[in-house]
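Listing of protein08.pdb; format and content: PDB, C-alpha atoms, pLDDT in the B column.
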MODEL        1
ATOM      1  CA  MET A   1      77.209  16.203  12.431  1.00 66.00           C
ATOM      2  CA  THR A   2      75.299  16.737   9.209  1.00 72.00           C
ATOM      3  CA  ASP A   3      74.321  20.063   7.694  1.00 82.00           C
ATOM      4  CA  GLN A   4      70.682  19.173   8.376  1.00 81.00           C
ATOM      5  CA  ARG A   5      71.344  18.986  12.113  1.00 88.00           C
ATOM      6  CA  ILE A   6      73.135  22.337  12.161  1.00 91.00           C
ATOM      7  CA  GLU A   7      70.422  23.956  10.055  1.00 91.00           C
ATOM      8  CA  GLY A   8      67.756  22.342  12.224  1.00 90.00           C
ATOM      9  CA  VAL A   9      69.173  23.740  15.451  1.00 94.00           C
ATOM     10  CA  ALA A  10      69.543  27.198  13.889  1.00 95.00           C
ATOM     11  CA  THR A  11      65.972  27.137  12.537  1.00 94.00           C
ATOM     12  CA  GLU A  12      64.604  25.951  15.875  1.00 95.00           C
ATOM     13  CA  LEU A  13      66.407  28.747  17.745  1.00 96.00           C
ATOM     14  CA  LYS A  14      65.161  31.283  15.202  1.00 96.00           C
ATOM     15  CA  GLY A  15      61.628  30.013  15.751  1.00 95.00           C
ATOM     16  CA  LYS A  16      61.934  30.301  19.522  1.00 96.00           C
ATOM     17  CA  ALA A  17      63.172  33.872  19.160  1.00 96.00           C
ATOM     18  CA  GLN A  18      60.330  34.722  16.764  1.00 95.00           C
ATOM     19  CA  GLY A  19      57.788  33.206  19.124  1.00 95.00           C
ATOM     20  CA  GLY A  20      59.182  35.141  22.079  1.00 95.00           C
ATOM     21  CA  ILE A  21      59.170  38.428  20.192  1.00 96.00           C
ATOM     22  CA  GLY A  22      55.658  37.691  18.966  1.00 95.00           C
ATOM     23  CA  ARG A  23      54.452  37.080  22.516  1.00 95.00           C
ATOM     24  CA  LEU A  24      56.102  40.281  23.772  1.00 96.00           C
ATOM     25  CA  THR A  25      54.631  42.406  20.991  1.00 95.00           C
ATOM     26  CA  GLY A  26      51.297  40.617  20.788  1.00 95.00           C
ATOM     27  CA  ASP A  27      51.934  39.709  17.133  1.00 94.00           C
ATOM     28  CA  SER A  28      50.070  36.421  16.640  1.00 94.00           C
ATOM     29  CA  ARG A  29      51.403  36.012  13.087  1.00 95.00           C
ATOM     30  CA  LEU A  30      54.989  36.141  14.343  1.00 95.00           C
ATOM     31  CA  GLN A  31      54.109  33.631  17.059  1.00 95.00           C
ATOM     32  CA  VAL A  32      52.736  31.195  14.462  1.00 95.00           C
ATOM     33  CA  GLU A  33      55.776  31.665  12.197  1.00 96.00           C
ATOM     34  CA  GLY A  34      58.000  31.045  15.197  1.00 95.00           C
ATOM     35  CA  ARG A  35      56.205  27.833  16.094  1.00 95.00           C
ATOM     36  CA  LEU A  36      56.396  26.623  12.492  1.00 95.00           C
ATOM     37  CA  ASN A  37      60.138  27.315  12.431  1.00 94.00           C
ATOM     38  CA  GLU A  38      60.570  25.438  15.712  1.00 95.00           C
ATOM     39  CA  VAL A  39      58.800  22.378  14.280  1.00 93.00           C
ATOM     40  CA  LYS A  40      60.749  22.629  11.016  1.00 92.00           C
ATOM     41  CA  GLY A  41      64.007  22.849  12.958  1.00 92.00           C
ATOM     42  CA  LYS A  42      63.165  19.817  15.083  1.00 92.00           C
ATOM     43  CA  ALA A  43      62.286  17.822  11.959  1.00 89.00           C
ATOM     44  CA  LEU A  44      65.540  18.775  10.225  1.00 87.00           C
ATOM     45  CA  ASN A  45      67.522  17.872  13.324  1.00 89.00           C
ATOM     46  CA  ALA A  46      65.793  14.482  13.559  1.00 89.00           C
ATOM     47  CA  TYR A  47      66.437  13.838   9.855  1.00 87.00           C
ATOM     48  CA  GLY A  48      70.106  14.702  10.385  1.00 86.00           C
ATOM     49  CA  ARG A  49      70.345  12.271  13.299  1.00 88.00           C
ATOM     50  CA  VAL A  50      68.963   9.510  11.069  1.00 87.00           C
ATOM     51  CA  ILE A  51      71.492  10.337   8.339  1.00 86.00           C
ATOM     52  CA  ASP A  52      74.313  10.318  10.903  1.00 86.00           C
ATOM     53  CA  GLY A  53      73.176   6.908  12.157  1.00 86.00           C
ATOM     54  CA  LEU A  54      72.973   5.503   8.638  1.00 86.00           C
ATOM     55  CA  ASP A  55      76.425   6.872   7.890  1.00 85.00           C
ATOM     56  CA  GLY A  56      77.812   4.764  10.737  1.00 85.00           C
ATOM     57  CA  MET A  57      76.017   1.704   9.401  1.00 88.00           C
ATOM     58  CA  VAL A  58      77.511   2.195   5.923  1.00 88.00           C
ATOM     59  CA  ASP A  59      80.994   1.958   7.427  1.00 85.00           C
ATOM     60  CA  LYS A  60      80.093  -1.476   8.804  1.00 88.00           C
ATOM     61  CA  ALA A  61      78.524  -2.733   5.547  1.00 87.00           C
ATOM     62  CA  PRO A  62      80.308  -5.225   3.275  1.00 90.00           C
ATOM     63  CA  ALA A  63      82.861  -3.540   1.025  1.00 89.00           C
ATOM     64  CA  ASP A  64      80.916  -4.175  -2.197  1.00 90.00           C
ATOM     65  CA  LEU A  65      77.830  -2.389  -0.799  1.00 90.00           C
ATOM     66  CA  GLN A  66      79.552   0.636   0.719  1.00 90.00           C
ATOM     67  CA  GLU A  67      79.822   2.678  -2.491  1.00 91.00           C
ATOM     68  CA  PRO A  68      76.146   2.354  -3.530  1.00 91.00           C
ATOM     69  CA  ALA A  69      75.092   3.049   0.056  1.00 90.00           C
ATOM     70  CA  ARG A  70      77.254   6.204   0.150  1.00 90.00           C
ATOM     71  CA  LYS A  71      75.665   7.408  -3.091  1.00 92.00           C
ATOM     72  CA  GLY A  72      72.225   6.913  -1.543  1.00 88.00           C
ATOM     73  CA  LEU A  73      73.221   8.828   1.587  1.00 87.00           C
ATOM     74  CA  ASP A  74      74.667  11.659  -0.489  1.00 88.00           C
ATOM     75  CA  PHE A  75      71.350  11.890  -2.351  1.00 90.00           C
ATOM     76  CA  ALA A  76      69.474  11.923   0.967  1.00 86.00           C
ATOM     77  CA  ARG A  77      71.693  14.751   2.237  1.00 83.00           C
ATOM     78  CA  ARG A  78      71.129  16.852  -0.901  1.00 85.00           C
ATOM     79  CA  LYS A  79      67.381  16.177  -1.235  1.00 85.00           C
ATOM     80  CA  PRO A  80      65.875  15.605   2.232  1.00 81.00           C
ATOM     81  CA  LEU A  81      62.279  16.412   1.264  1.00 81.00           C
ATOM     82  CA  LEU A  82      62.354  14.251  -1.847  1.00 87.00           C
ATOM     83  CA  THR A  83      63.903  11.383   0.115  1.00 85.00           C
ATOM     84  CA  THR A  84      61.217  11.682   2.795  1.00 83.00           C
ATOM     85  CA  GLY A  85      58.516  11.687   0.109  1.00 86.00           C
ATOM     86  CA  ILE A  86      59.966   8.609  -1.576  1.00 87.00           C
ATOM     87  CA  LEU A  87      60.140   6.733   1.726  1.00 84.00           C
ATOM     88  CA  ALA A  88      56.611   7.770   2.691  1.00 86.00           C
ATOM     89  CA  GLY A  89      55.300   6.639  -0.702  1.00 87.00           C
ATOM     90  CA  ALA A  90      57.090   3.299  -0.387  1.00 86.00           C
ATOM     91  CA  ALA A  91      55.676   2.822   3.124  1.00 86.00           C
ATOM     92  CA  ILE A  92      52.140   3.527   1.900  1.00 88.00           C
ATOM     93  CA  LEU A  93      52.567   1.169  -1.038  1.00 88.00           C
ATOM     94  CA  LEU A  94      53.988  -1.620   1.103  1.00 85.00           C
ATOM     95  CA  GLY A  95      51.297  -1.062   3.721  1.00 85.00           C
ATOM     96  CA  SER A  96      48.552  -1.361   1.140  1.00 84.00           C
ATOM     97  CA  LEU A  97      50.058  -4.549  -0.268  1.00 83.00           C
ATOM     98  CA  GLY A  98      49.913  -6.172   3.146  1.00 74.00           C
ATOM     99  CA  ARG A  99      46.211  -5.520   3.671  1.00 69.00           C
ATOM    100  CA  LYS A 100      43.733  -8.269   3.063  1.00 64.00           C
ATOM    101  CA  ARG A 101      40.720  -7.316   0.998  1.00 58.00           C
TER     102      ARG A 101
ENDMDL
END

Can I see the file as structure tokens?
Amino acid sequence: MTDQRIEGVATELKGKAQGGIGRLTGDSRLQVEGRLNEVKGKALNAYGRVIDGLDGMVDKAPADLQEPARKGLDFARRKPLLTTGILAGAAILLGSLGRKR
């Protein structure tokens, strides 16, 4: 289990608690913060599941590709937001290349 998954579950639980306290006290700001933390936690947990799945795939990769793949996964673990941004940018770029004008 990656750190992102652990952090995601903790953030999601924190958000649920904030939302519950906000509902009990009538504090709408706390309710919104709680919901944002829930969403953030779910996203971190999902990202961690992807990293865990990729980690299993690296073990099955050819020996000469395992080291570069591990370096890429280590980067993704340290910089999840940057990695997501890079992948989103690449997807947009590739999507625009496939469009006919």

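Distances to Asp3 in chain A were evaluated for A:Leu97, A:Leu87, A:Ile51, A:Leu82 using only C-alpha atoms, and the minimum falls at A:Ile51.
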
Would you please work out which residue, of A:Ala76, A:Met57, A:Leu36, A:Ala91, is nearest to Lys14 in chain A when using only C-alpha atoms? A:Leu36

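The protein and nucleic acid residues lying at most 9 Å from Val9 in chain A are A:Gln4, A:Arg5, A:Ile6, A:Glu12, A:Leu13, A:Lys14, A:Glu38, A:Gly41, A:Lys42, A:Leu44, A:Asn45, with all atoms listed in the file considered and sequence neighbours fewer than 3 positions away removed.
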
Contacts of Glu67 in chain A at 12 Å or less, counting only C-alpha atoms, minus same-chain residues fewer than 6 places along, as a ChimeraX atom specification? /A:55,58-59,61,73-74

With C-alpha atoms retained, could you export that selection as a PDB file, keeping the file's coordinate frame?
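Result written to out_14.pdb:
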ATOM      1  CA  ASP A  55      76.425   6.872   7.890  1.00 85.00           C
ATOM      2  CA  VAL A  58      77.511   2.195   5.923  1.00 88.00           C
ATOM      3  CA  ASP A  59      80.994   1.958   7.427  1.00 85.00           C
ATOM      4  CA  ALA A  61      78.524  -2.733   5.547  1.00 87.00           C
ATOM      5  CA  LEU A  73      73.221   8.828   1.587  1.00 87.00           C
ATOM      6  CA  ASP A  74      74.667  11.659  -0.489  1.00 88.00           C
TER       7      ASP A  74
END

If you measure from CA of Ala46 in chain A to CA of Lys79 in chain A, what distance in Å do you get, rounded to one decimal?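 The value is 15.0 Å.
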
Chain and number of each residue from the PyMOL selection byres ((chain A and resi 30) around 12), as a PDB file with C-alpha atoms, in the coordinates of the input:
ATOM      1  CA  LYS A  14      65.161  31.283  15.202  1.00 96.00           C
ATOM      2  CA  GLY A  15      61.628  30.013  15.751  1.00 95.00           C
ATOM      3  CA  LYS A  16      61.934  30.301  19.522  1.00 96.00           C
ATOM      4  CA  ALA A  17      63.172  33.872  19.160  1.00 96.00           C
ATOM      5  CA  GLN A  18      60.330  34.722  16.764  1.00 95.00           C
ATOM      6  CA  GLY A  19      57.788  33.206  19.124  1.00 95.00           C
ATOM      7  CA  GLY A  20      59.182  35.141  22.079  1.00 95.00           C
ATOM      8  CA  ILE A  21      59.170  38.428  20.192  1.00 96.00           C
ATOM      9  CA  GLY A  22      55.658  37.691  18.966  1.00 95.00           C
ATOM     10  CA  ARG A  23      54.452  37.080  22.516  1.00 95.00           C
ATOM     11  CA  LEU A  24      56.102  40.281  23.772  1.00 96.00           C
ATOM     12  CA  THR A  25      54.631  42.406  20.991  1.00 95.00           C
ATOM     13  CA  GLY A  26      51.297  40.617  20.788  1.00 95.00           C
ATOM     14  CA  ASP A  27      51.934  39.709  17.133  1.00 94.00           C
ATOM     15  CA  SER A  28      50.070  36.421  16.640  1.00 94.00           C
ATOM     16  CA  ARG A  29      51.403  36.012  13.087  1.00 95.00           C
ATOM     17  CA  GLN A  31      54.109  33.631  17.059  1.00 95.00           C
ATOM     18  CA  VAL A  32      52.736  31.195  14.462  1.00 95.00           C
ATOM     19  CA  GLU A  33      55.776  31.665  12.197  1.00 96.00           C
ATOM     20  CA  GLY A  34      58.000  31.045  15.197  1.00 95.00           C
ATOM     21  CA  ARG A  35      56.205  27.833  16.094  1.00 95.00           C
ATOM     22  CA  LEU A  36      56.396  26.623  12.492  1.00 95.00           C
ATOM     23  CA  ASN A  37      60.138  27.315  12.431  1.00 94.00           C
TER      24      ASN A  37
END

Mind giving me the straight-line distance from CA of Leu94 in chain A to CA of Lys40 in chain A in Å, one decimal?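 Atom-to-atom, CA of Leu94 in chain A and CA of Lys40 in chain A are spaced 27.1 Å apart.
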
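Across the structure, CA of Asp52 in chain A and CA of Asp64 in chain A are spaced 20.6 Å apart.
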